[in-house]
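Below: one structure, written as structure tokens.
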Amino acid sequence: MPIQSDAERQRLKNQQHRAENWRLWGPYLSERAWGTVREDYSRYGSAWEYFDHDQARSRAYRWNEDGLGGISDEAQWLCFGLALWNGRDPILKERAFGLSSSQGNRGEDVKECYFYLDATPSHAWLHYLYKYPQSAFPYTRLIEENARRSREDPPFGLIDSGAFAEGRYWDVEILYAKASPEELHIRILASNRGPSEAALWLLPQLWFRNTWSWSDEINEKPVLRAAPAPNGSIGPGGRIDSGGAAWAVAAQHPLLGTYHLYGQQKASLLYTENETNNSRLWDVPNAGPYVKDAFHRFLIDGDQSAVNPLQQGTKFAAVHKLVVAPGQTHAIDLILSAQPKTQPFISHDQVFTQRRAEADAFFRTLLPHASAEDHRILRQALAGMIWNKQFYHYDVSTWLKGDRVPPPSAREHGRNHRWPHFKANDVVSMPDAWEYPWFAAWDLAFHCAALALVDVDFAKDQIELLLRENYLHPNGQVPAFEWAFDDVNPPLQAMSALKVFRAERVQRGRGDVAFLKRVLHKLLLNHTWWINRKDATGMNVFEGGFLGLDNISVYDRSRPLPSGYTLKQADATGWMAMFSLQLTVMALEIAVEDGAYEDIAIQCYSQFLAIANTIAGHTGAHVSLWDDVDGFFKDLVANPDGTAQRINVFSWVGIIPLFASEVVDARLLAGRTRFNDLLWKHQDGMFNGSIICACPVTTNERGEHLLSLVNAAMLVKMLPRLFNENEFLSPHGVRSVSKRHATQQDLGHIPGIGKAAIDYVPGESNSALFGGNSNWRGPVWMPTNYLLVQAIEKMHRYLGDAFTFPAPCLNGYEINLKYAATLLAERLADIFRRDEYDLIPAFPPDSPHQSDPNWRDLLLFHEYFHGETGQGLGAAHQTGWSGLVANLVMRRYHTDIPEYWKRQDATVPSEP
């Protein structure tokens, strides 16, 4: 078969036009389904304790499945994953292990080493790597050592335990290559990295999600049965040649149909049921003799009676015992197909060669002139985005009622009780498949920005998903995240919708206006919810709560202040100004084709002006959120007597209003007579005789207008702070709290709050607030940095090269905004690039990722990064929004910037 450079794009085109469903099978199997809200039926919502890791091997899940490097169909009827045993572990390794919030000195923390190496958006090519110790997995030591450590100590990980000492571990790779949407070729490679011969039991598993125990949705129970194998001749190592198979399994499901799993190497075939082992967990008799943990009992306990001798059930494993010499690799080959095959492996090797070459061509076309290092960063970042697509299943009404078991009375008024309409049964882009195996509204908005680089249709679907009637609350609230749908995330869905709309216009020559209309209608409901629910005084200044920024404030912003006091948030108000402007631009885009939408643009822009007027201090307590002396936005505490006091904190809270900026070109304003009249009425940001924002009626040389909360005079005060290495700018991006708070911590007495202080904490949180594995008091966060780069670029687009400011990081040298955006974008991307010492800042200097040839090309995309060193912190596999580094790497090669930024060995010059 010739290699087609556009083969992957053709698959995506077929998906777009519904000619083929390449999304039918994908990496939708979570890394963790235990310890989630969905599986929690406890009285007090103690999800981690109610269903812990120890129970997971024996207890059937209610809502979704998990496994190592696994895949499933998009409804997760049928799952495929890997199990391992090294001959020493106390349990069969079927899923990733980690600590709950109460077990460690940090928050929830996965204690495994696995990597998403590659993926194409159609899932025609997927590549996963798991590093498995040859010694007993140190479960107990990981728990005990992390419990012993204080919050001042670093967390204790699997690498720290010595589990990989002397290279005594296995590299286990799983590769998937689709021959068609319903035919998946699977190769499992086990490489002995140790100095001695070692044994490994490798168990590919196929099983049905247990739906029959929980509902009447399926009347006919699915079944896995042994099937006749289309045998060929037996070759070296027990491999069946001539395209035949050593064994076969038929998987019959009443809704999915019948699939066939073929194995090319001989194995011991085991069958059981995906049913809870009640006897082990609760000392209650089992309904039948075969239960979920049967393969563990058979292999490790030697219990021959644990598996079904009739060779049928709802869970299957093929046991391969490998004995591999040091430095050698052993392969296991399988095929999963909807169609029965007489010679299933006849083109097996060719399919892998073809799909790998097509993936290479796809990414090479995406970034043709990049360095090898930037290609690797881009590809692994997007692989993580694709692998973190998960099947998400949660029917809140059913869950509240207890699923055939009377629920505890506390549930009636407990978690998510206001969301009985919520019904999810979808593939969703999630932040992380272990630490965050559930969607989060503002995370998902950023995911779409990265996913749009390779699959604009999936990104569009994800944006609309949260706005469907079975997700969006009837009152217009977007569900925040599974632990508390009622919480408030920043309103970023309009941002992502515009981003994806524009990406499609660039890629296909035309934006999808019908998509924009559908999204705008729902977002107007959400916009109204914000105005009605988060503006207590009706003065267009907002109290959004913690807004996903967790511990960034001087107190827990998710809790109310004493009666009579309210917190007027600069970030909530900035987000709403941004939201209003983006709705304005969306309506203007639609109005190019449908003039009726001009009225919506006028209404949304009028709301933006009202917010800007309040921020400028012309309503309420007549105190602006903008502190002109310090040149920064700050929160206010409104007192019962009508006065207000600023909270003198320098953090992302005061930068976010800068995001409220949009450039409007002449195309959008042509024929928009009434909207143009509104611009003239409020020319230069004039409102009731005062200048409140930067919205000039004058245009730049391209005939563009700037609609912005921040004007040039404010910008020139803010930017020197942001580009000062003694304040916000670190070597790796903008810090979440200014470094000035390392020495200026005491904020004095604040009415309604009391004595207040905030300290600069560049790394892990020193507080248990919000679980303790999330810190907004100093580290670098990719998503807000990304929005800052975007905002500065918009400002440059309008203001041009003539607008400059003195950059303290360059000894006060005057730089323009293009240079500023590039400087910031490059520092962020450099977190993953090797520096002049051949070290990657994202990893500790002594990490095997720095020099070990079996680790050095493996990247992790952490939740956030140390404000001084750039080391990755928080969730280790949170590619979700840290995957935005793909956009930043793309920017280097698709933006007109000086060549020195593009050199592989480039360093920031002392001056332009």
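Residues in the structure tokens are named by chain (A, B, ... in the order shown) and by number from 1 within that chain; ligands are numbered from 1 in the order shown.
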Selection near Arg833 of chain A, 12 Å with only C-alpha atoms, sequence-local residues under 4 positions removed, as number ranges by chain:
A: 371-378, 732, 826-829, 837-843, 850, 856-859, 870, 885, 889, 903-907
Just C-alpha atoms for this one: save the residues we selected as a short mmCIF file (atom, residue, chain, number, x, y, z; two decimals), in the first residue's frame.
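Output saved as selection.cif:
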```
data_model
loop_
_atom_site.label_atom_id
_atom_site.label_comp_id
_atom_site.auth_asym_id
_atom_site.auth_seq_id
_atom_site.Cartn_x
_atom_site.Cartn_y
_atom_site.Cartn_z
CA SER A 371 12.99 21.03 14.80
CA ALA A 372 12.89 17.38 15.84
CA GLU A 373 12.47 18.48 19.45
CA ASP A 374 9.47 20.71 18.71
CA HIS A 375 7.92 17.93 16.63
CA ARG A 376 8.20 15.62 19.62
CA ILE A 377 6.68 18.20 21.99
CA LEU A 378 3.79 18.90 19.61
CA HIS A 732 9.11 29.88 32.39
CA GLU A 826 8.80 30.97 24.05
CA ARG A 827 9.44 30.86 27.79
CA LEU A 828 6.35 28.69 28.19
CA ALA A 829 7.32 26.29 25.39
CA TYR A 837 22.78 22.28 29.94
CA ASP A 838 20.81 19.64 27.99
CA LEU A 839 18.16 19.59 30.73
CA ILE A 840 14.37 19.80 30.38
CA PRO A 841 13.05 22.26 33.02
CA ALA A 842 9.82 20.25 33.45
CA PHE A 843 11.78 17.46 35.18
CA GLN A 850 17.19 14.02 31.58
CA ARG A 856 14.83 11.11 27.82
CA ASP A 857 12.37 11.42 24.94
CA LEU A 858 9.32 10.84 27.16
CA LEU A 859 7.38 13.95 28.15
CA GLY A 870 9.80 25.27 35.67
CA VAL A 885 1.97 24.03 24.51
CA VAL A 889 4.96 25.47 19.45
CA ARG A 903 16.58 28.14 16.13
CA GLN A 904 16.67 24.92 18.09
CA ASP A 905 19.40 26.35 20.33
CA ALA A 906 17.78 29.79 20.57
CA THR A 907 18.14 31.80 23.74
#
```
Could you list, as an mmCIF file with N, CA and C atoms, in the first residue's frame, every residue within 8 Å of Val554 of chain A, counting only C-alpha atoms and ignoring same-chain residues fewer than 5 positions away?
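Saved the output as out_36.cif:
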```cif
data_model
loop_
_atom_site.group_PDB
_atom_site.id
_atom_site.type_symbol
_atom_site.label_atom_id
_atom_site.label_comp_id
_atom_site.auth_asym_id
_atom_site.auth_seq_id
_atom_site.Cartn_x
_atom_site.Cartn_y
_atom_site.Cartn_z
ATOM 1 N N ALA A 756 -5.228 39.728 57.102
ATOM 2 C CA ALA A 756 -5.042 38.999 55.845
ATOM 3 C C ALA A 756 -3.585 39.020 55.426
ATOM 4 N N ALA A 757 -3.191 37.950 54.776
ATOM 5 C CA ALA A 757 -1.836 37.848 54.236
ATOM 6 C C ALA A 757 -1.869 36.881 53.071
ATOM 7 N N ILE A 758 -0.930 37.051 52.169
ATOM 8 C CA ILE A 758 -0.767 36.099 51.074
ATOM 9 C C ILE A 758 0.715 35.923 50.817
#
```
So that I can see what lies close to Asn388 of chain A, please list as a CSV table (one decimal) with N, CA and C atoms, in the first residue's frame the residues with an atom at most 9 Å from it, counting only C-alpha atoms and leaving out residues fewer than 3 positions away in the same chain.
```csv
chain,number,residue,atom,x,y,z
A,27,PRO,N,-9.5,5.6,22.6
A,27,PRO,CA,-8.9,5.4,23.9
A,27,PRO,C,-9.8,5.9,25.0
A,28,TYR,N,-11.0,5.5,25.0
A,28,TYR,CA,-12.1,6.0,25.9
A,28,TYR,C,-12.1,5.3,27.3
A,29,LEU,N,-11.2,4.4,27.5
A,29,LEU,CA,-11.2,3.7,28.8
A,29,LEU,C,-10.3,4.5,29.8
A,30,SER,N,-10.9,4.8,30.9
A,30,SER,CA,-10.3,5.6,31.9
A,30,SER,C,-9.1,4.9,32.6
A,383,ALA,N,-1.0,13.9,21.5
A,383,ALA,CA,-1.3,12.5,21.9
A,383,ALA,C,-2.0,12.4,23.2
A,384,GLY,N,-1.5,13.2,24.2
A,384,GLY,CA,-2.1,13.3,25.5
A,384,GLY,C,-3.5,13.8,25.4
A,385,MET,N,-3.7,14.8,24.6
A,385,MET,CA,-5.1,15.4,24.4
A,385,MET,C,-6.0,14.3,23.9
A,428,VAL,N,-16.0,12.5,26.2
A,428,VAL,CA,-15.7,13.9,26.6
A,428,VAL,C,-14.2,14.0,26.8
A,429,SER,N,-13.7,15.1,26.4
A,429,SER,CA,-12.2,15.5,26.6
A,429,SER,C,-12.1,15.8,28.0
A,430,MET,N,-11.2,15.1,28.7
A,430,MET,CA,-11.1,15.3,30.2
A,430,MET,C,-9.7,15.8,30.5
A,431,PRO,N,-9.5,16.4,31.6
A,431,PRO,CA,-8.2,17.0,32.0
A,431,PRO,C,-7.1,15.9,32.1
A,432,ASP,N,-7.5,14.8,32.7
A,432,ASP,CA,-6.5,13.7,33.0
A,432,ASP,C,-7.3,12.4,33.2
A,433,ALA,N,-6.8,11.3,32.8
A,433,ALA,CA,-7.6,10.1,32.9
A,433,ALA,C,-7.5,9.4,34.2
A,437,PRO,N,-10.7,12.2,36.1
A,437,PRO,CA,-11.4,11.4,35.1
A,437,PRO,C,-12.9,11.9,35.0
A,878,GLN,N,-1.8,15.8,33.3
A,878,GLN,CA,-2.9,16.7,33.0
A,878,GLN,C,-2.6,17.4,31.7
A,879,THR,N,-2.6,16.6,30.6
A,879,THR,CA,-2.3,17.2,29.3
A,879,THR,C,-3.4,18.2,28.9
A,880,GLY,N,-4.6,18.0,29.5
A,880,GLY,CA,-5.8,18.8,29.2
A,880,GLY,C,-5.5,20.2,28.8
```
Non-local contacts of segment 61-77 of chain A (8 Å; only C-alpha atoms; under 4 positions in same chain excluded) as number ranges by chain:
A: 23-34, 38-39, 81-83, 94-96, 128-130, 174, 208-211, 214, 253, 256, 391-394, 425-427
Hey, what's within 9 Å of Arg415 of chain A if we count only C-alpha atoms and toss same-chain stuff fewer than 6 positions away? As a PyMOL selection string, please?
chain A and resi 37+45+483-486
